[in-house]
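Structure below is protein28.cif: mmCIF, C-alpha atoms.
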data_coords
#
loop_
_atom_site.label_atom_id
_atom_site.label_comp_id
_atom_site.auth_asym_id
_atom_site.auth_seq_id
_atom_site.Cartn_x
_atom_site.Cartn_y
_atom_site.Cartn_z
CA MET A 1 -98.73 36.87 62.07
CA GLU A 2 -101.71 36.19 64.31
CA ILE A 3 -105.20 37.10 63.16
CA ILE A 4 -108.46 36.79 65.07
CA HIS A 5 -111.51 36.79 62.82
CA ASP A 6 -115.08 35.65 63.43
CA GLY A 7 -114.11 34.17 66.80
CA ARG A 8 -111.27 32.10 65.37
CA ARG A 9 -107.57 32.55 65.96
CA TYR A 10 -105.26 32.05 63.02
CA MET A 11 -101.58 31.68 63.90
CA GLY A 12 -98.70 32.14 61.48
CA VAL A 13 -100.90 33.54 58.75
CA ASP A 14 -99.16 34.63 55.57
CA PRO A 15 -100.99 37.81 54.47
CA ALA A 16 -100.94 36.58 50.85
CA GLY A 17 -102.85 33.45 51.84
CA ALA A 18 -105.31 35.06 54.22
CA ALA A 19 -108.02 35.40 51.55
CA ASP A 20 -107.92 31.62 51.06
CA LEU A 21 -108.90 31.32 54.73
CA GLY A 22 -111.82 33.72 54.24
CA ILE A 23 -110.15 36.55 56.12
CA PRO A 24 -111.12 39.95 54.69
CA PRO A 25 -108.29 42.29 53.56
CA GLU A 26 -109.17 44.92 56.18
CA VAL A 27 -108.75 42.35 58.94
CA VAL A 28 -105.37 41.37 57.51
CA ALA A 29 -104.36 45.04 57.27
CA ALA A 30 -105.36 45.65 60.90
CA ALA A 31 -103.36 42.61 62.01
CA GLN A 32 -100.33 43.78 60.02
CA LEU A 33 -100.62 47.20 61.63
CA ALA A 34 -100.85 45.70 65.13
CA ASP A 35 -97.93 43.37 64.41
CA ALA A 36 -95.75 46.19 63.09
CA ARG A 37 -96.64 48.39 66.06
CA ALA A 38 -95.84 45.68 68.63
CA ARG A 39 -92.53 44.89 66.91
CA ALA A 40 -91.57 48.58 66.74
CA LEU A 41 -92.37 49.16 70.42
CA ARG A 42 -90.26 46.12 71.35
CA ASP A 43 -87.39 47.27 69.13
CA ILE A 44 -87.41 50.72 70.73
CA ASP A 45 -87.24 49.23 74.23
CA VAL A 46 -84.37 46.95 73.18
CA ALA A 47 -82.49 49.91 71.66
CA ALA A 48 -83.03 51.96 74.84
CA ALA A 49 -81.68 49.10 76.94
CA ALA A 50 -78.64 48.87 74.67
CA ALA A 51 -78.09 52.64 74.96
CA ARG A 52 -78.24 52.43 78.76
CA GLY A 53 -75.81 49.51 78.62
CA ARG A 54 -73.29 51.59 76.69
CA HIS A 55 -73.14 54.04 79.60
CA ALA A 56 -73.53 51.89 82.70
CA THR A 57 -72.22 48.69 84.18
CA THR A 58 -74.75 45.97 83.44
CA ALA A 59 -73.53 43.51 86.09
CA ALA A 60 -76.35 42.11 88.17
CA GLY A 61 -77.09 44.28 91.19
CA GLN A 62 -74.60 47.01 90.29
CA ASP A 63 -77.37 49.55 89.68
CA GLY A 64 -78.45 49.06 93.29
CA VAL A 65 -74.89 49.61 94.50
CA TYR A 66 -74.69 52.87 92.55
CA GLN A 67 -78.02 54.00 94.00
CA ILE A 68 -76.94 53.24 97.58
CA LYS A 69 -73.64 55.06 97.05
CA ALA A 70 -75.50 58.11 95.72
CA ASP A 71 -77.95 57.92 98.65
CA GLN A 72 -75.08 57.70 101.14
CA ALA A 73 -73.27 60.59 99.46
CA GLN A 74 -76.42 62.72 99.69
CA ALA A 75 -76.97 61.69 103.32
CA TRP A 76 -73.35 62.49 104.24
CA MET A 77 -73.68 65.94 102.66
CA ALA A 78 -77.07 66.52 104.36
CA ALA A 79 -75.45 65.64 107.70
CA GLY A 80 -73.02 68.52 107.22
CA GLN A 81 -70.13 66.50 105.75
CA PRO A 82 -68.89 65.20 109.11
CA GLU A 83 -65.26 64.18 109.45
CA ASP A 84 -66.37 60.84 110.89
CA ALA A 85 -68.08 59.23 107.91
CA SER A 86 -68.20 55.75 109.46
CA PRO A 87 -72.03 55.66 109.44
CA TRP A 88 -71.76 55.59 105.62
CA ALA A 89 -69.89 52.32 105.14
CA LEU A 90 -69.80 52.31 101.35
CA LEU A 91 -68.18 55.72 101.35
CA THR A 92 -65.58 55.05 104.02
CA VAL A 93 -64.57 51.62 102.79
CA GLU A 94 -64.35 52.63 99.12
CA ALA A 95 -62.49 55.87 99.88
CA ALA A 96 -59.94 53.97 101.99
CA ALA A 97 -59.57 51.21 99.39
CA ARG A 98 -58.95 53.77 96.66
CA GLY A 99 -56.67 55.96 98.75
CA MET A 100 -58.88 59.01 98.56
CA THR A 101 -60.82 61.17 100.97
CA VAL A 102 -64.54 60.80 101.55
CA PRO A 103 -65.19 64.33 100.23
CA ALA A 104 -63.32 63.53 97.00
CA LEU A 105 -65.24 60.27 96.62
CA VAL A 106 -68.56 61.98 97.29
CA ALA A 107 -67.77 64.61 94.65
CA GLU A 108 -66.98 61.82 92.17
CA ILE A 109 -70.15 59.90 93.01
CA ILE A 110 -72.37 62.98 92.64
CA ALA A 111 -70.70 64.00 89.36
CA THR A 112 -71.12 60.47 87.98
CA ARG A 113 -74.75 60.34 89.10
CA ASP A 114 -75.49 63.72 87.51
CA ALA A 115 -73.85 62.66 84.24
CA TRP A 116 -75.87 59.42 84.28
CA ILE A 117 -79.10 61.34 84.86
CA ALA A 118 -78.36 63.57 81.86
CA ILE A 119 -77.72 60.54 79.63
CA LEU A 120 -80.71 58.68 81.02
CA ALA A 121 -82.91 61.70 80.30
CA GLN A 122 -81.79 61.66 76.65
CA ILE A 123 -82.43 57.93 76.37
CA GLU A 124 -85.82 58.05 78.08
CA GLY A 125 -86.89 61.08 76.06
CA ALA A 126 -86.01 59.34 72.79
CA ARG A 127 -87.64 56.09 73.94
CA MET A 128 -90.91 57.69 74.97
CA ALA A 129 -91.10 60.06 71.97
CA GLY A 130 -90.48 57.10 69.68
CA LYS A 131 -93.12 54.97 71.34
CA ASP A 132 -95.64 57.84 71.21
CA ALA A 133 -94.89 58.33 67.50
CA VAL A 134 -95.31 54.60 66.84
CA ARG A 135 -98.62 54.54 68.71
CA ALA A 136 -99.87 57.57 66.77
CA ALA A 137 -98.85 56.18 63.37
CA SER A 138 -101.72 54.95 61.23
CA SER A 139 -99.89 52.84 58.64
CA VAL A 140 -97.15 50.23 58.62
CA ALA A 141 -94.92 52.64 56.68
CA ALA A 142 -95.51 55.39 59.26
CA ILE A 143 -94.79 52.97 62.10
CA THR A 144 -91.58 51.86 60.39
CA GLY A 145 -90.54 55.47 59.86
CA ALA A 146 -91.29 56.52 63.44
CA ALA A 147 -89.43 53.52 64.82
CA GLY A 148 -86.51 54.20 62.49
CA VAL A 149 -86.13 57.74 63.82
CA ALA A 150 -86.26 56.53 67.42
CA LEU A 151 -83.81 53.70 66.79
CA ALA A 152 -81.33 56.00 65.04
CA THR A 153 -81.55 58.47 67.91
CA LEU A 154 -81.06 55.77 70.53
CA ARG A 155 -78.11 54.29 68.66
CA GLY A 156 -76.50 57.72 68.70
CA ILE A 157 -76.73 58.16 72.46
#
I need this file expressed as structure tokens, please.
Amino acid sequence: MEIIHDGRRYMGVDPAGAADLGIPPEVVAAAQLADARARALRDIDVAAAAARGRHATTAAGQDGVYQIKADQAQAWMAAGQPEDASPWALLTVEAAARGMTVPALVAEIIATRDAWIAILAQIEGARMAGKDAVRAASSVAAITGAAGVALATLRGI
């Protein structure tokens, strides 16, 4: 644990030995609280990332591909669903490669996007509620409890 007291920085302080360094108990308690809060916030973000990873491909750049496909699907629909979909290369090439029509592919893309948004909303809601609860907690035990609730929720999504 890191403690800053009287202009000095103490790294790797064992709370039990802090008094030997002349660090008052209230300073140690504040450092323990800050350390627990920072750890809990980190843990919640890691759990949210893991939850997202359970529902989405985590390959580098794939999220951008999904976004472009959804954008092209929306643009194709906004253009009146023209028979010639060649301006939307991702749609035409993927539909042909998979042996399906552009309208069927667009329906699949939109349904997948909508399902992802619903899951993402659950994850982000749990992440932010957990972080707010951790920030509002005034003791290490309360921080641990708030983080535990958030982590359990995120693991269940």
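In this structure, atom CA of A:Val13 sits 17.1 Å away from atom CA of A:Arg37.
Evaluated against this file, the PyMOL selection byres ((chain A and resi 128) around 12) yields Leu41, Ile44, Asp45, Ala47, Ala48, Leu120, Ala121, Gln122, Ile123, Glu124, Gly125, Ala126, Arg127, Ala129, Gly130, Lys131, Asp132, Ala133, Val134, Arg135, Ala146, Ala147, Ala150, Leu151, Thr153 and Leu154 of chain A.
Considering the residues A:His55, A:Arg113, A:His5, A:Arg42 and counting all atoms listed in the file, A:Gly156 has its shortest atom-to-atom contact with A:His55.
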Quick one: distance from atom CA of A:Ala70 to atom CA of A:Val106 in Å, one decimal? 8.1 Å
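Straight-line separation from atom CA of A:Tyr10 to atom CA of A:Ala38: 17.5 Å.
Distances from A:Ala18, A:Leu91, A:Ala29, A:Gly12 to A:Val140 were compared using all atoms listed in the file, and the smallest one belongs to A:Ala29.
Note on the selection: in this file the PyMOL selection byres ((chain A and resi 61-67) around 12) comes out as Arg52, Gly53, His55, Ala56, Thr57, Thr58, Ala59, Ala60, Ile68, Lys69, Ala70, Asp71, Gln72, Ala73, Gln74, Leu90, Leu91, Glu94, Val106, Glu108, Ile109, Ile110, Thr112, Arg113, Asp114, Trp116 and Ile117 of chain A.
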The PyMOL selection byres ((chain A and resi 139) around 10) resolved against shown file, as a PyMOL selection string: chain A and resi 29-30+32-34+36-37+134+136-138+140-145
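Here the question is which of A:Val28, A:Ala96, A:Asp35, A:Ala115 gets nearest to A:Ala16 using only C-alpha atoms, and that residue is A:Val28.
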